[in-house]
Amino acid sequence: MEIADATLLMVAAIFALLVTGLPLAFITGLIALVFTFGWFGSSALPLVTTRVYGFVTEYSLVAVPMFVLMASLLDRSGIAKDLFNAMRVFAGRLPGGVAVQTVIVAFFLAALSGIIGGEIVLLGILALPQMLRLGYDKHLSIGVVCAGGALGTMMPPSIVLIIYGLIASVSIADLFTAAITPAVILMLSYIAYVLVRCLRNPAMGPPMSEADREESFTNRWEALKAIVVPGLIALLVLGSIYGGVASVTEAAAMGVFGVLLAVVLRGEFSLKTLHASLGQTLTTCGMIIWIGIGAAALVGVYNLMGGNRFISGMINGLDVAP
């Protein structure tokens, strides 16, 4: 079989198995094994195991449970809730203001945790009921939560970028540096979209009343203090990476320390909270690591089949300008 036909067959098999509801990690691992035996023969199993071993023993992978633990602690503390309520004070009477602040809070949370699922759930609990209560358009409200929550895919420290860097053997710090600009552009694009829609049709995002604005914080100084803590934690993580002070893994540990310290100082720490956060971290990381193992095996086998040369040759062979 030619590599072009094998590529089409591989992609078709992935989509066909996804429709069955089988977990992605098992799909990629299964296809990797099938193509290993089909392409190289039954003696080629060490090709897969070597690739998997190389992935799971990567030091940078330690950053994943650290960032997941950060997200779990944020879920169970009042830091994210206070951040959202603080942004409500600054939203003012602008049409679509709560939707705009939701996108900004999502950006902050993405810079703190780097995980998508927890962020969307958190915004769904905090922001979605507020927007619906204020009379926001249902589709706009849900769209803002989903789009804003997905910023965690791109905004460093993104777990997706960490896994991609490990599988593709690319510098994670370089990926983080490259991802900031498109993440900011994406956030500003969401904000611009919300503002244009709500300014053209204020009924989609009615302005907040004075009573709504003062519901949580009595003045802007109190609201500003609620923004400082998440800002300092994000600065601790990203500043240490870009300042060359720490690697991604070490910065993740510093981030956990920063969130834990903030939770303790706020008087919200308890053994029950820590136990629940660690339990959620184990469950989430188990899923992430299995997906990474399946992807690492699939990419490794495909590259050995000559897939990387085929793809690069196909792109370089296009009759277009460089």
# chains A, B, ... in the order shown; residues from 1 in each chain; ligands from 1
>>> select_by_dssp(residues="segment 290-321 of chain A", states="helix (DSSP H, G or I)", output="list of chain:residue names")
A:Trp290, A:Ile291, A:Gly292, A:Ile293, A:Gly294, A:Ala295, A:Ala296, A:Ala297, A:Leu298, A:Val299, A:Gly300, A:Val301, A:Tyr302, A:Asn303, A:Leu304, A:Gly307, A:Asn308, A:Arg309, A:Phe310, A:Ile311, A:Ser312, A:Gly313, A:Met314, A:Ile315, A:Asn316
>>> write_last_selection(atoms="N, CA and C atoms", output="tab-separated table (two decimals), in the first residue's frame")
chain	number	residue	atom	x	y	z
A	290	TRP	N	-3.63	8.93	28.88
A	290	TRP	CA	-4.00	7.88	27.93
A	290	TRP	C	-4.15	8.44	26.52
A	291	ILE	N	-4.74	9.65	26.42
A	291	ILE	CA	-4.86	10.29	25.10
A	291	ILE	C	-3.47	10.57	24.53
A	292	GLY	N	-2.57	11.05	25.40
A	292	GLY	CA	-1.20	11.32	24.98
A	292	GLY	C	-0.47	10.07	24.53
A	293	ILE	N	-0.67	8.97	25.26
A	293	ILE	CA	-0.03	7.69	24.90
A	293	ILE	C	-0.52	7.23	23.52
A	294	GLY	N	-1.84	7.28	23.31
A	294	GLY	CA	-2.39	6.87	22.02
A	294	GLY	C	-1.88	7.74	20.88
A	295	ALA	N	-1.84	9.06	21.12
A	295	ALA	CA	-1.37	9.99	20.09
A	295	ALA	C	0.11	9.78	19.80
A	296	ALA	N	0.90	9.59	20.87
A	296	ALA	CA	2.35	9.37	20.69
A	296	ALA	C	2.62	8.12	19.87
A	297	ALA	N	1.88	7.06	20.16
A	297	ALA	CA	2.05	5.81	19.41
A	297	ALA	C	1.67	6.01	17.94
A	298	LEU	N	0.54	6.68	17.70
A	298	LEU	CA	0.06	6.88	16.33
A	298	LEU	C	1.02	7.74	15.52
A	299	VAL	N	1.47	8.85	16.12
A	299	VAL	CA	2.40	9.75	15.42
A	299	VAL	C	3.73	9.04	15.14
A	300	GLY	N	4.22	8.28	16.14
A	300	GLY	CA	5.48	7.57	15.96
A	300	GLY	C	5.43	6.57	14.82
A	301	VAL	N	4.36	5.78	14.77
A	301	VAL	CA	4.20	4.77	13.72
A	301	VAL	C	4.04	5.43	12.35
A	302	TYR	N	3.24	6.49	12.32
A	302	TYR	CA	3.00	7.18	11.04
A	302	TYR	C	4.30	7.79	10.50
A	303	ASN	N	5.11	8.36	11.39
A	303	ASN	CA	6.39	8.91	10.95
A	303	ASN	C	7.32	7.82	10.43
A	304	LEU	N	7.34	6.66	11.10
A	304	LEU	CA	8.18	5.55	10.64
A	304	LEU	C	7.70	5.01	9.30
A	307	GLY	N	5.15	9.02	6.85
A	307	GLY	CA	4.04	9.98	6.76
A	307	GLY	C	4.48	11.43	6.85
A	308	ASN	N	5.49	11.70	7.70
A	308	ASN	CA	5.94	13.10	7.82
A	308	ASN	C	6.58	13.59	6.53
A	309	ARG	N	7.35	12.71	5.88
A	309	ARG	CA	7.95	13.10	4.59
A	309	ARG	C	6.88	13.28	3.52
A	310	PHE	N	5.85	12.41	3.56
A	310	PHE	CA	4.76	12.50	2.58
A	310	PHE	C	4.00	13.82	2.73
A	311	ILE	N	3.66	14.18	3.98
A	311	ILE	CA	2.90	15.42	4.23
A	311	ILE	C	3.72	16.65	3.86
A	312	SER	N	5.01	16.70	4.30
A	312	SER	CA	5.84	17.86	3.99
A	312	SER	C	6.08	17.97	2.49
A	313	GLY	N	6.28	16.82	1.82
A	313	GLY	CA	6.48	16.84	0.36
A	313	GLY	C	5.24	17.32	-0.36
A	314	MET	N	4.05	16.91	0.14
A	314	MET	CA	2.80	17.32	-0.49
A	314	MET	C	2.59	18.82	-0.35
A	315	ILE	N	2.91	19.37	0.84
A	315	ILE	CA	2.72	20.81	1.06
A	315	ILE	C	3.75	21.61	0.26
A	316	ASN	N	5.02	21.15	0.28
A	316	ASN	CA	6.07	21.86	-0.46
A	316	ASN	C	5.87	21.77	-1.97
>>> residues_around(residues="segment 18-23 of chain A", least_positions_apart="6", cutoff="12 Å", atoms="only C-alpha atoms", output="PyMOL selection string")
chain A and resi 11-12+29-31+287-288+290-291+294
>>> residues_around(residues="Pro230 of chain A", least_positions_apart="2", cutoff="10 Å", atoms="only C-alpha atoms", output="list in words")
Leu74, Ile79, Ala80, Asp82, Leu83, Val105, Phe108, Leu109, Ala111, Leu112, Lys225, Ala226, Ile227, Val228, Leu232, Ile233, Ala234, Leu235, Leu236, Gly258, Val259 and Ala262 of chain A
>>> closest_atom_pairs(of="segment 233-322 of chain A", to="segment 47-70 of chain A", cutoff="6 Å", atoms="only C-alpha atoms", output="JSON lines")
{"residue": "A:Thr249", "atom": "CA", "partner": "A:Ala63", "partner_atom": "CA", "distance": 4.4}
{"residue": "A:Ala252", "atom": "CA", "partner": "A:Ala63", "partner_atom": "CA", "distance": 5.5}
{"residue": "A:Ala253", "atom": "CA", "partner": "A:Met66", "partner_atom": "CA", "distance": 5.9}
{"residue": "A:Val256", "atom": "CA", "partner": "A:Met70", "partner_atom": "CA", "distance": 5.3}
{"residue": "A:Thr281", "atom": "CA", "partner": "A:Leu69", "partner_atom": "CA", "distance": 5.5}
{"residue": "A:Ile293", "atom": "CA", "partner": "A:Val52", "partner_atom": "CA", "distance": 5.7}
{"residue": "A:Ala297", "atom": "CA", "partner": "A:Val48", "partner_atom": "CA", "distance": 5.5}
>>> residues_around(residues="Val121 of chain A", least_positions_apart="3", cutoff="12 Å", atoms="only C-alpha atoms", output="mmCIF file with N, CA and C atoms, in the first residue's frame")
data_model
loop_
_atom_site.group_PDB
_atom_site.id
_atom_site.type_symbol
_atom_site.label_atom_id
_atom_site.label_comp_id
_atom_site.auth_asym_id
_atom_site.auth_seq_id
_atom_site.Cartn_x
_atom_site.Cartn_y
_atom_site.Cartn_z
ATOM 1 N N ALA A 71 -6.366 24.166 38.407
ATOM 2 C CA ALA A 71 -7.742 24.354 37.954
ATOM 3 C C ALA A 71 -8.736 23.791 38.972
ATOM 4 N N SER A 72 -8.408 22.637 39.561
ATOM 5 C CA SER A 72 -9.295 22.015 40.544
ATOM 6 C C SER A 72 -9.430 22.878 41.793
ATOM 7 N N LEU A 74 -8.973 26.136 41.918
ATOM 8 C CA LEU A 74 -9.729 27.336 41.533
ATOM 9 C C LEU A 74 -11.222 27.040 41.495
ATOM 10 N N ASP A 75 -11.567 25.834 41.023
ATOM 11 C CA ASP A 75 -12.976 25.408 40.973
ATOM 12 C C ASP A 75 -13.621 25.470 42.347
ATOM 13 N N ALA A 80 -12.252 32.508 41.497
ATOM 14 C CA ALA A 80 -12.867 32.736 40.185
ATOM 15 C C ALA A 80 -14.181 33.496 40.315
ATOM 16 N N ALA A 106 -12.619 34.557 31.234
ATOM 17 C CA ALA A 106 -12.190 33.296 30.614
ATOM 18 C C ALA A 106 -10.720 33.353 30.229
ATOM 19 N N LEU A 109 -8.717 32.998 33.418
ATOM 20 C CA LEU A 109 -8.742 31.616 33.889
ATOM 21 C C LEU A 109 -7.883 30.716 33.006
ATOM 22 N N ILE A 115 -6.607 24.436 31.264
ATOM 23 C CA ILE A 115 -7.452 23.272 30.992
ATOM 24 C C ILE A 115 -8.840 23.754 30.585
ATOM 25 N N ILE A 116 -9.460 23.079 29.623
ATOM 26 C CA ILE A 116 -10.675 23.613 29.005
ATOM 27 C C ILE A 116 -11.946 23.229 29.761
ATOM 28 N N GLY A 117 -12.113 21.945 30.029
ATOM 29 C CA GLY A 117 -13.380 21.451 30.578
ATOM 30 C C GLY A 117 -13.810 22.157 31.847
ATOM 31 N N GLY A 118 -12.890 22.248 32.806
ATOM 32 C CA GLY A 118 -13.204 22.888 34.081
ATOM 33 C C GLY A 118 -13.562 24.344 33.923
ATOM 34 N N GLY A 124 -19.983 28.343 33.098
ATOM 35 C CA GLY A 124 -21.396 27.969 33.007
ATOM 36 C C GLY A 124 -22.126 28.164 34.320
ATOM 37 N N ILE A 125 -21.408 27.953 35.434
ATOM 38 C CA ILE A 125 -22.015 28.131 36.754
ATOM 39 C C ILE A 125 -22.076 29.604 37.143
ATOM 40 N N LEU A 126 -20.999 30.348 36.833
ATOM 41 C CA LEU A 126 -20.908 31.747 37.272
ATOM 42 C C LEU A 126 -21.600 32.718 36.320
ATOM 43 N N ALA A 127 -21.254 32.612 35.041
ATOM 44 C CA ALA A 127 -21.640 33.647 34.082
ATOM 45 C C ALA A 127 -22.982 33.394 33.403
ATOM 46 N N LEU A 128 -23.218 32.151 33.001
ATOM 47 C CA LEU A 128 -24.425 31.865 32.212
ATOM 48 C C LEU A 128 -25.716 32.239 32.941
ATOM 49 N N ILE A 142 -24.658 31.318 25.636
ATOM 50 C CA ILE A 142 -24.024 29.994 25.583
ATOM 51 C C ILE A 142 -22.776 30.035 24.704
ATOM 52 N N VAL A 145 -19.805 31.578 26.581
ATOM 53 C CA VAL A 145 -19.240 30.652 27.578
ATOM 54 C C VAL A 145 -18.373 29.585 26.898
ATOM 55 N N CYS A 146 -18.900 28.997 25.818
ATOM 56 C CA CYS A 146 -18.153 27.939 25.124
ATOM 57 C C CYS A 146 -16.897 28.483 24.434
ATOM 58 N N GLY A 148 -15.307 31.398 25.069
ATOM 59 C CA GLY A 148 -14.365 31.899 26.075
ATOM 60 C C GLY A 148 -13.665 30.773 26.798
ATOM 61 N N GLY A 149 -14.430 29.717 27.140
ATOM 62 C CA GLY A 149 -13.827 28.583 27.827
ATOM 63 C C GLY A 149 -12.785 27.878 26.988
ATOM 64 N N ALA A 150 -12.982 27.869 25.681
ATOM 65 C CA ALA A 150 -12.043 27.194 24.779
ATOM 66 C C ALA A 150 -10.732 27.957 24.607
#
>>> atom_distance(atom1="atom CA of Leu260 of chain A", atom2="atom CA of Ile180 of chain A")
25.5 Å
>>> atom_distance(atom1="atom CA of Leu73 of chain A", atom2="atom CA of Leu271 of chain A")
11.8 Å
>>> atom_distance(atom1="atom CA of Gly306 of chain A", atom2="atom CA of Glu2 of chain A")
10.1 Å
>>> closest_residue(among="A:Leu8, A:Ala183, A:Leu175, A:Val237", to="Ile163 of chain A", atoms="only C-alpha atoms")
A:Leu175
>>> residues_around(residues="Val100 of chain A", least_positions_apart="2", cutoff="9 Å", atoms="only C-alpha atoms", output="VMD selection string")
chain A and resid 91 96 to 98 102 to 105 144 190 to 192 194 to 195
>>> closest_residue(among="A:Pro322, A:Pro182, A:Gly267, A:Pro129", to="Ser77 of chain A", atoms="only C-alpha atoms")
A:Gly267
>>> closest_residue(among="A:Leu123, A:Leu24, A:Met87, A:Leu140", to="Ala223 of chain A", atoms="only C-alpha atoms")
A:Met87
>>> decode(residues="segment 23-114 of chain A", atoms="C-alpha atoms", output="CSV table (one decimal), in the first residue's frame")
chain,number,residue,atom,x,y,z
A,23,PRO,CA,-12.7,6.8,23.8
A,24,LEU,CA,-10.2,8.7,21.6
A,25,ALA,CA,-7.2,7.3,23.5
A,26,PHE,CA,-8.2,3.7,22.7
A,27,ILE,CA,-9.0,4.6,19.0
A,28,THR,CA,-5.5,6.1,18.4
A,29,GLY,CA,-3.8,3.3,20.2
A,30,LEU,CA,-5.7,0.6,18.4
A,31,ILE,CA,-5.1,2.2,15.0
A,32,ALA,CA,-1.4,2.6,15.8
A,33,LEU,CA,-1.2,-1.2,16.6
A,34,VAL,CA,-3.1,-2.2,13.5
A,35,PHE,CA,-0.8,-0.1,11.2
A,36,THR,CA,2.3,-1.3,13.0
A,37,PHE,CA,1.5,-5.0,12.4
A,38,GLY,CA,0.1,-4.3,9.0
A,39,TRP,CA,3.0,-2.2,7.7
A,40,PHE,CA,6.0,-3.6,9.6
A,41,GLY,CA,4.9,-7.1,10.6
A,42,SER,CA,4.3,-8.9,14.0
A,43,SER,CA,7.9,-8.3,15.2
A,44,ALA,CA,7.4,-4.5,15.2
A,45,LEU,CA,5.6,-4.1,18.6
A,46,PRO,CA,8.8,-2.6,20.2
A,47,LEU,CA,8.3,0.4,17.8
A,48,VAL,CA,5.1,1.3,19.7
A,49,THR,CA,6.3,0.4,23.2
A,50,THR,CA,9.5,2.5,22.7
A,51,ARG,CA,7.5,5.5,21.6
A,52,VAL,CA,5.1,5.2,24.5
A,53,TYR,CA,7.9,4.8,27.0
A,54,GLY,CA,9.6,7.9,25.6
A,55,PHE,CA,6.4,9.9,26.1
A,56,VAL,CA,5.5,8.8,29.6
A,57,THR,CA,9.1,9.4,30.9
A,58,GLU,CA,9.2,13.0,29.7
A,59,TYR,CA,10.0,15.4,32.6
A,60,SER,CA,7.8,18.1,31.1
A,61,LEU,CA,4.8,15.9,31.5
A,62,VAL,CA,4.9,16.6,35.2
A,63,ALA,CA,3.5,20.0,34.4
A,64,VAL,CA,0.1,18.5,33.4
A,65,PRO,CA,-1.0,17.3,36.9
A,66,MET,CA,0.2,20.6,38.3
A,67,PHE,CA,-1.9,22.7,36.0
A,68,VAL,CA,-4.9,20.4,36.5
A,69,LEU,CA,-4.5,20.7,40.3
A,70,MET,CA,-4.5,24.5,39.9
A,71,ALA,CA,-7.7,24.4,38.0
A,72,SER,CA,-9.3,22.0,40.5
A,73,LEU,CA,-8.4,24.3,43.4
A,74,LEU,CA,-9.7,27.3,41.5
A,75,ASP,CA,-13.0,25.4,41.0
A,76,ARG,CA,-13.4,24.9,44.7
A,77,SER,CA,-12.3,28.3,45.9
A,78,GLY,CA,-14.0,31.7,45.6
A,79,ILE,CA,-11.1,33.2,43.6
A,80,ALA,CA,-12.9,32.7,40.2
A,81,LYS,CA,-16.2,33.8,41.6
A,82,ASP,CA,-14.8,37.0,43.0
A,83,LEU,CA,-12.9,37.7,39.8
A,84,PHE,CA,-16.2,37.4,37.8
A,85,ASN,CA,-18.1,39.7,40.3
A,86,ALA,CA,-15.3,42.2,40.2
A,87,MET,CA,-15.4,42.4,36.4
A,88,ARG,CA,-19.2,43.1,36.7
A,89,VAL,CA,-18.3,46.4,38.4
A,90,PHE,CA,-16.2,47.5,35.5
A,91,ALA,CA,-18.7,46.3,32.9
A,92,GLY,CA,-20.8,49.4,33.6
A,93,ARG,CA,-23.8,50.1,31.6
A,94,LEU,CA,-22.3,49.0,28.3
A,95,PRO,CA,-24.6,46.8,26.2
A,96,GLY,CA,-23.2,43.3,26.2
A,97,GLY,CA,-21.0,44.2,29.1
A,98,VAL,CA,-21.5,41.0,31.1
A,99,ALA,CA,-20.7,38.9,28.0
A,100,VAL,CA,-17.5,41.0,27.4
A,101,GLN,CA,-16.4,40.5,31.0
A,102,THR,CA,-17.1,36.8,30.7
A,103,VAL,CA,-14.6,36.6,27.8
A,104,ILE,CA,-12.0,38.6,29.8
A,105,VAL,CA,-12.5,36.4,32.9
A,106,ALA,CA,-12.2,33.3,30.6
A,107,PHE,CA,-8.9,34.7,29.4
A,108,PHE,CA,-7.7,35.2,33.0
A,109,LEU,CA,-8.7,31.6,33.9
A,110,ALA,CA,-7.0,30.2,30.8
A,111,ALA,CA,-3.8,31.9,31.9
A,112,LEU,CA,-4.2,30.4,35.3
A,113,SER,CA,-5.1,26.8,34.6
A,114,GLY,CA,-4.6,25.8,30.9
